[in-house]
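These notes concern the structure reproduced below.
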Amino acid sequence: MSTPTFGSDELAQFRRTFFEECTELLADLEERLGALVAFSSDVESLNAIFRAVHSVKAGAGAFGYSVLVGFAHRFEALLDRLRDGKVELDERTLAALIAAADVFSALVDLARQSETPADDFGAEVAEELKALLDGAAAPQPTLREPAEFVEMPAAPVEKTYRIVFRPNAELFRHANEPLYLIRELKTLGTLTVDCDLARLPPFDAFNVDDAYLGWTMTLRADCAPTAIAEVFEFVDDECELTIEEIAPIASVADEAPLKAETEKPAVAVAPPAEKKAVERKASDNKTAGNAASISSIRVDLYRVDRLVNMVGELVIAQAMLAQQFTESHSTDDPTALQGFEHLAGLTRELQECVMAIRMQPVKSVFSRMPRLVRDVGHKTGKDVRLEMAGEQTEVDKTVIEELADPLTHMIRNAVDHGIEDAEVRLAAGKPAEGVIRLSAQHAGSNILIHVEDDGAGLDRDRLLAKATEKGIVSPNVKLSGEEIDELIFAPGFSTAAAVTDVSGRGVGMDVVRRNVQALGGRVQVTSTAGKGTRFTLVIPLTLAVLDGMVVAVGWEKYILPLTSIVESFRPGRGQIRVIPGGGEVVSIRGEFVRLIHLARVFGVSEAVADPCEGLVVLIELANGSKLGVVVDELIGQQQVVIKSLQDNYDPVPGISGATILGNGRVALIVDIEELTRLYDRNVRIADATMRPMAANA
Amino acid sequence: MAESQDLPSIGPNNGLDAAAALTRQFISFRVGDDEFAIDIMAVREIKGWTETTVLPNQQNYMLGVLNLRGTIVPIFDLRCRFGLGLTTTTRSHVVIIVAISGRLLGLLVDAVSDILTVNAADIRPVPDVDQPIDNAFLAGIIPVGDSMVVLLSLENLFANHGPANTAVAA
């Protein structure tokens with residue numbers, strides 16, 4: 001049995017896998033920590049956190065990230081104490097756990113970047129952990145358990161240990177290599193090794209897969225026996241192992257507890273069953289009442305992306321083929337037509353399947369929020385409870401990643417500005433504890449996310465005053481209540497001054513809106529004075545496909561997002577009214593809606609100029625206001641594969657992306673939110689003086 | 001261009017080794033009556049002109065985008081970029097797809113002429129003269145027989161080819 005040699009490539013690969021796992025484990029840890037904050041003393045969560053820390057520690061040990069291992073060890077110890085009920089899960093411990101989780105994940109990051117943490121990195125947190133542990137150990141001085149921590153402030157006294165290591169025959173089959181263990185031991189101190197050949201069978205009975213050798217080693221080192229036991233952590237259920245101190249200086253009294261411990265090296269570390277527990281996550285989740293039990297495989301995201309792209313191409317190719325066929329074979333050929341229909345059905349199904357691969361529950365983002373609420377609540381001295389619903393709602397992975405920032409912003413704002421101070425709440429007849437509700441649900445091809453608080457609502461007077469002062473709104477413009485609420489999304493409104501002066505919201509809400517719009521989504525706010533504020537995010541489930549309406553304008557074809565379209569109609573002469581200043585409105589069911597000619601916005605010639613001869617597509621904007629878009633005609637509804645223009649070109653105002661139509665030509669997807677702004681700039685640039693500074697610009 | 005055939009052997013070569021190390025290859029093409037060249041390493045493919053989808057509110061030399069096997073590629077009219085007016089496109093016009101700083105883009109030219117192999121030492125700097133084409137686009141002049149080919153700097157040509165109206169501050 002020769003020593004397996006790992007090339008640097010393989011090692012890098014293992015390292016990558018380790019950090020990938022770390023990311024997952026840390027996410028899990030974070031989520032469980034959130035659960036712990038929400039429903040304290042949840043043993044299942046404690047177990048899960050313990051397993052996550054332990055798994056990271058095990059991997060970190062293998063890669064030699066000693067600082068990480070050291071910290072993990074202490075973290076783990078506290079968790080263990082908590083599980084046993086030896087440490088109370090109170091505010092202080094919870095704070096320590098959260099802080100420890102932060103340090104822990106920072107250490108993982110440092111390790112990932114191959115950086116060595118500063119000596120005192122996380123020292124404060126480590127001290128706190130230790131203090132909590134010591135506090136636990138003091139009243140119950142069980143002999144065995146505190147011994148585990150002897151290694152931390154390890155007294156630099158050199159001791160001599162005798163280690164007898166006899167692996168079971170199966171050792172190699174579990175990808176273990178005693179040589180590594182021996183090398184590891186050597187790093188602890190001075191090691192002498194005697195090989196024990198007693199179990200070596202006669203040659204004809206020799207099985208190359210079995211381990212026959214045993215070793216008796218003498219180690220002189222200043223470490224605790226647990227450190228030695230740790231070396232054998234991964235094989236402790238596959239060998240006979242005894243570690244005993246044979247130092248002549250050690251008194252008999254000292255030896256007793258040490259021996260008691262060393263005979264059972266697994267005391268400090270989790271039993272092997274628990275190491276595997278992470279892989280059995282599915283069944284765990286079931287017991288915790290979470291996700292359905294599904295088995296999963298780990299796939300490189302790049303491969304999934306490639307698959308998604310390929311299927312996107314397939315969908316386009318299929319559409320092109322079908323179109324070419326119908327154009328060239330006007331005669332009915334039922335078999336061929338059926339074939340094409342079947343192909344179209346299969347392609348669409350295939351695409352849905354592929355999209356589903358990338359779908360993930362929003363839980364991974366939601367789970368960060370309980371902590372946030374807690375943190376901000378603490379800082380602002382408010383008592384806030386977070387209620388969550390619909391964490392299992394699935395959405396494309398890329399969307400999830402982009403959701404984290406806007407949600408964090410909104411939740412932080414809700415706690416900071418939305419929820420009032422306890423006295424104010426009590427005076428208003430509300431319970432002192434504020435409630436923030438975060439929920440997600442599917443609505444067609446969108447996901448709806450609500451962030452709702454039961455605070456004071458937006459203070460419209462102050463919002464308006466601030467906006468006027470900042471020149472966002474001209475003083476003589478009359479705005480409706482909803483329009484005033486919309487002001488919080490206005491760029492430039494959310495400056496530092498606004499945050500301190502205005503008791504409403506304002507921290508980066510324009511950034512939130514921009515982020516959400518970048519996802520092709522919308523964000524709306526509704527607020528009731530004294531009752532609270534509710535933000536609604538409508539975001540497409542995926543960034544890869546879009547349900548669109550193909551419209552013709554002159555020679556060009558554009559795609560309007562179907563979700564924003566309310567209806568389309570050809571207005572009668574009497575429905576159109578030109579208002580002074582050059583604007584045009586259409587009246588529909590008693591409502592006056594501003595008209596925008598797509599041809600004028602995009603500078604398309606040879607388009608229908610008269611709305612009464614073309615069509616008006618009524619669309620609803622993110623802020624709830626409506627807009628009539630004048631086009632020549634509707635071509636049809638189609639699911640399109642979104643392509644980025646920005647891979648090879650710069651962003652084009654008014655265009656959110658592109659797609660390829662059945663005829664192979666590129667069609668542009670209209671960014672309807674930008675239309676009014678573009679229209680104002682392109683078409684009405686001359687009479688800018690007439691234009692009120694609209695809040696929805 | 002027939003006269004460019006004898007180009008590789010131009011000039012007194014002081015030893016083959018130096019020549020081999022310092023030779024560069026260019027694709028030359030015609031815009032109007034003039035010959036231009038770009039580094040062959042930047043060229044991804046050459047295809048016939050097809051109708052583009054026009055992007056709204058762009059510089060006039062930005063002709064729109066093409067579907068290049070699933071990738072959206074912007075196309076630029078070189079003649080117009082030089083300030084010589086829009087090309088009246090026909091089926092015989094050619095688009096050279098090039099990669100510049102990680103992006104793919106297409107250049108509309110009248111016709112592709114040749115592949116030039118040139119000694120780096122033979123590339124002359126552009127004299128500072130008054131001309132319709134901005135000097136910043138020009139990277140050098142390659143003498144070819146009695147005539148010359150102007151070497152273009154793609155980076156400078158499309159360094160800021162953004163929309164005509166810069167986006168409103170967000």
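Each chain of the structure tokens is named A, B, ... in the order shown, its residues numbered from 1; ligands are numbered from 1 in display order.
Set the cut-off at 6 Å, count only C-alpha atoms, and the residues of chain B near chain A turn out to be B:Thr53, B:Pro56, B:Asn67, B:Arg103, B:Leu104, B:Gly162.
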Dump N, CA and C atoms for the selected residues as a CSV table (one decimal), in the first residue's frame?
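This is the output file out.csv:
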```csv
chain,number,residue,atom,x,y,z
B,53,THR,N,-31.3,45.0,-35.7
B,53,THR,CA,-32.4,45.6,-34.9
B,53,THR,C,-31.8,46.9,-34.3
B,56,PRO,N,-32.6,52.2,-29.8
B,56,PRO,CA,-33.1,53.6,-29.8
B,56,PRO,C,-32.0,54.6,-29.2
B,67,ASN,N,-28.1,39.1,-34.2
B,67,ASN,CA,-28.1,37.8,-33.5
B,67,ASN,C,-27.0,36.9,-34.1
B,103,ARG,N,-15.4,42.3,-25.2
B,103,ARG,CA,-16.7,42.4,-25.8
B,103,ARG,C,-16.6,42.1,-27.3
B,104,LEU,N,-17.7,41.6,-27.9
B,104,LEU,CA,-17.8,41.3,-29.3
B,104,LEU,C,-18.5,42.5,-30.0
B,162,GLY,N,-20.8,54.8,-26.1
B,162,GLY,CA,-22.1,54.7,-25.4
B,162,GLY,C,-23.2,55.4,-26.1
```
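Excluding Asp109 in chain A and any residue on its chain fewer than 5 positions from it, the residues at most 10 Å away by only C-alpha atoms are Phe19, Cys22, Thr23, Val103, Phe104, Ser114, Glu115 and Pro117 of chain A.
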Given the selection you just returned, output its residues as a file containing C-alpha atoms, formatted as a PDB file, in the first residue's frame.
```pdb
ATOM      1  CA  PHE A  19     -15.127  25.816   0.993  1.00  0.00           C
ATOM      2  CA  CYS A  22     -18.412  25.569   4.251  1.00  0.00           C
ATOM      3  CA  THR A  23     -20.649  28.034   2.461  1.00  0.00           C
ATOM      4  CA  VAL A 103     -16.164  35.438  13.774  1.00  0.00           C
ATOM      5  CA  PHE A 104     -16.413  31.864  12.616  1.00  0.00           C
ATOM      6  CA  SER A 114      -5.470  31.926   2.265  1.00  0.00           C
ATOM      7  CA  GLU A 115      -4.923  34.763   4.677  1.00  0.00           C
ATOM      8  CA  PRO A 117      -5.979  36.044  10.697  1.00  0.00           C
TER       9      PRO A 117
END
```
key: Spatial neighbours of Ala58 in chain A, 10 Å, only C-alpha atoms, chain gap at least 5 places, as a count of residues only   = 12
Shell around range 153-156 of chain B at 8 Å using only C-alpha atoms, local window under 5 positions removed, as an MDAnalysis selection string: chainID B and resid 38 100:101 136:139
With only C-alpha atoms as the counted atoms, please give the residues lying no more than 9 Å from Thr563 in chain A, apart from itself and same-chain residues fewer than 5 positions off, as a count of residues only.
7
From CA of Gly85 in chain A to CA of Leu133 in chain A the spacing works out at 12.0 Å
The residue from B:Ala42, B:Thr117, B:Val31, B:Asp128 with the smallest atom-to-atom distance to Val144 in chain B, counting only C-alpha atoms, is B:Thr117
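Considering the residues A:Leu621, A:Leu403, A:Leu33, A:Ala169 and counting only C-alpha atoms, Ala96 in chain A has its shortest atom-to-atom contact with A:Leu33.
With distances restricted to only C-alpha atoms, B:Asp33 is the closest residue to Arg79 in chain B from B:Asp33, B:Asp122, B:Asp39, B:Glu51.
Proximity to Asp34 in chain B was assessed for B:Ile115, B:Val54, B:Leu84, B:Val95 counting only C-alpha atoms; the smallest distance is recorded for B:Leu84.
Straight-line separation from CA of Ala95 in chain A to CA of Val56 in chain A: 21.1 Å.
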### Task
Please run DSSP on the backbone and report, as a ChimeraX atom specification, all residues within range 8-155 of chain A that come out as alpha helix (DSSP H).
/A:8-38,43-63,66-84,91-112,123-137,144-147
In Å and to one decimal, CA of Glu613 in chain A is distant from CA of Glu633 in chain A by 9.4 Å
* Mind the document's chain letters and residue numbers, and return as a PyMOL selection string the residues of range 42-147 of chain B that DSSP labels strand (DSSP E). => chain B and resi 43-48+62-68+71-77+94-100+103-109+111-119+138-144+147
Residues as selected, C-alpha atoms, written as an mmCIF file, in the first residue's frame, can you do that?
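part21.cif, written as the output of this step:
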```cif
data_model
loop_
_atom_site.group_PDB
_atom_site.id
_atom_site.type_symbol
_atom_site.label_atom_id
_atom_site.label_comp_id
_atom_site.auth_asym_id
_atom_site.auth_seq_id
_atom_site.Cartn_x
_atom_site.Cartn_y
_atom_site.Cartn_z
ATOM 1 C CA VAL B 43 -10.943 39.280 -35.584
ATOM 2 C CA ARG B 44 -13.416 36.545 -34.680
ATOM 3 C CA GLU B 45 -15.239 36.113 -37.946
ATOM 4 C CA ILE B 46 -16.317 37.834 -41.129
ATOM 5 C CA LYS B 47 -19.896 37.684 -42.342
ATOM 6 C CA GLY B 48 -22.155 39.274 -44.915
ATOM 7 C CA MET B 62 -24.295 52.538 -34.101
ATOM 8 C CA LEU B 63 -26.385 50.497 -36.490
ATOM 9 C CA GLY B 64 -28.085 48.240 -33.982
ATOM 10 C CA VAL B 65 -27.632 44.653 -32.938
ATOM 11 C CA LEU B 66 -27.380 41.300 -34.657
ATOM 12 C CA ASN B 67 -28.065 37.770 -33.499
ATOM 13 C CA LEU B 68 -24.779 35.958 -33.878
ATOM 14 C CA THR B 71 -25.184 36.237 -28.867
ATOM 15 C CA ILE B 72 -26.357 39.808 -29.270
ATOM 16 C CA VAL B 73 -23.636 41.755 -31.068
ATOM 17 C CA PRO B 74 -23.677 45.506 -31.678
ATOM 18 C CA ILE B 75 -22.735 46.647 -35.180
ATOM 19 C CA PHE B 76 -20.958 49.887 -36.032
ATOM 20 C CA ASP B 77 -20.702 51.679 -39.342
ATOM 21 C CA VAL B 94 -19.282 42.867 -44.939
ATOM 22 C CA VAL B 95 -19.328 42.818 -41.154
ATOM 23 C CA ILE B 96 -16.083 41.992 -39.376
ATOM 24 C CA ILE B 97 -16.773 40.628 -35.919
ATOM 25 C CA VAL B 98 -13.972 41.624 -33.538
ATOM 26 C CA ALA B 99 -13.321 41.153 -29.854
ATOM 27 C CA ILE B 100 -12.204 44.241 -27.980
ATOM 28 C CA ARG B 103 -16.716 42.424 -25.844
ATOM 29 C CA LEU B 104 -17.779 41.299 -29.296
ATOM 30 C CA LEU B 105 -18.733 43.909 -31.840
ATOM 31 C CA GLY B 106 -19.185 44.094 -35.569
ATOM 32 C CA LEU B 107 -17.648 46.595 -37.982
ATOM 33 C CA LEU B 108 -19.496 47.331 -41.184
ATOM 34 C CA VAL B 109 -16.984 47.786 -44.026
ATOM 35 C CA ALA B 111 -15.133 44.823 -48.458
ATOM 36 C CA VAL B 112 -12.367 42.778 -46.898
ATOM 37 C CA SER B 113 -9.166 42.981 -48.967
ATOM 38 C CA ASP B 114 -6.325 40.915 -47.684
ATOM 39 C CA ILE B 115 -4.245 39.532 -44.894
ATOM 40 C CA LEU B 116 -1.048 41.512 -44.394
ATOM 41 C CA THR B 117 2.062 40.154 -42.744
ATOM 42 C CA VAL B 118 4.189 43.069 -41.667
ATOM 43 C CA ASN B 119 7.427 43.639 -39.821
ATOM 44 C CA LEU B 138 -5.130 55.668 -36.093
ATOM 45 C CA ALA B 139 -2.419 53.464 -34.725
ATOM 46 C CA GLY B 140 0.014 53.689 -37.622
ATOM 47 C CA ILE B 141 0.577 53.462 -41.337
ATOM 48 C CA ILE B 142 1.650 50.324 -43.143
ATOM 49 C CA PRO B 143 3.304 50.952 -46.496
ATOM 50 C CA VAL B 144 2.099 48.471 -49.104
ATOM 51 C CA SER B 147 0.205 52.690 -51.531
#
```
Residues within 7 Å of Thr347 in chain A, only C-alpha atoms, excluding chain neighbours under 4 positions, as a PDB file with C-alpha atoms, in the first residue's frame:
```
ATOM      1  CA  VAL A 315     -36.285  27.115 -27.563  1.00  0.00           C
ATOM      2  CA  LEU A 343     -41.658  19.317 -30.271  1.00  0.00           C
ATOM      3  CA  GLN A 351     -37.161  24.490 -20.354  1.00  0.00           C
TER       4      GLN A 351
END
```
query = Hey, what's within 9 Å of Ala319 in chain A if we count only C-alpha atoms and toss same-chain stuff fewer than 3 positions away? As number ranges by chain, please?
reply = A: 314-316, 322-324, 344, 661-663
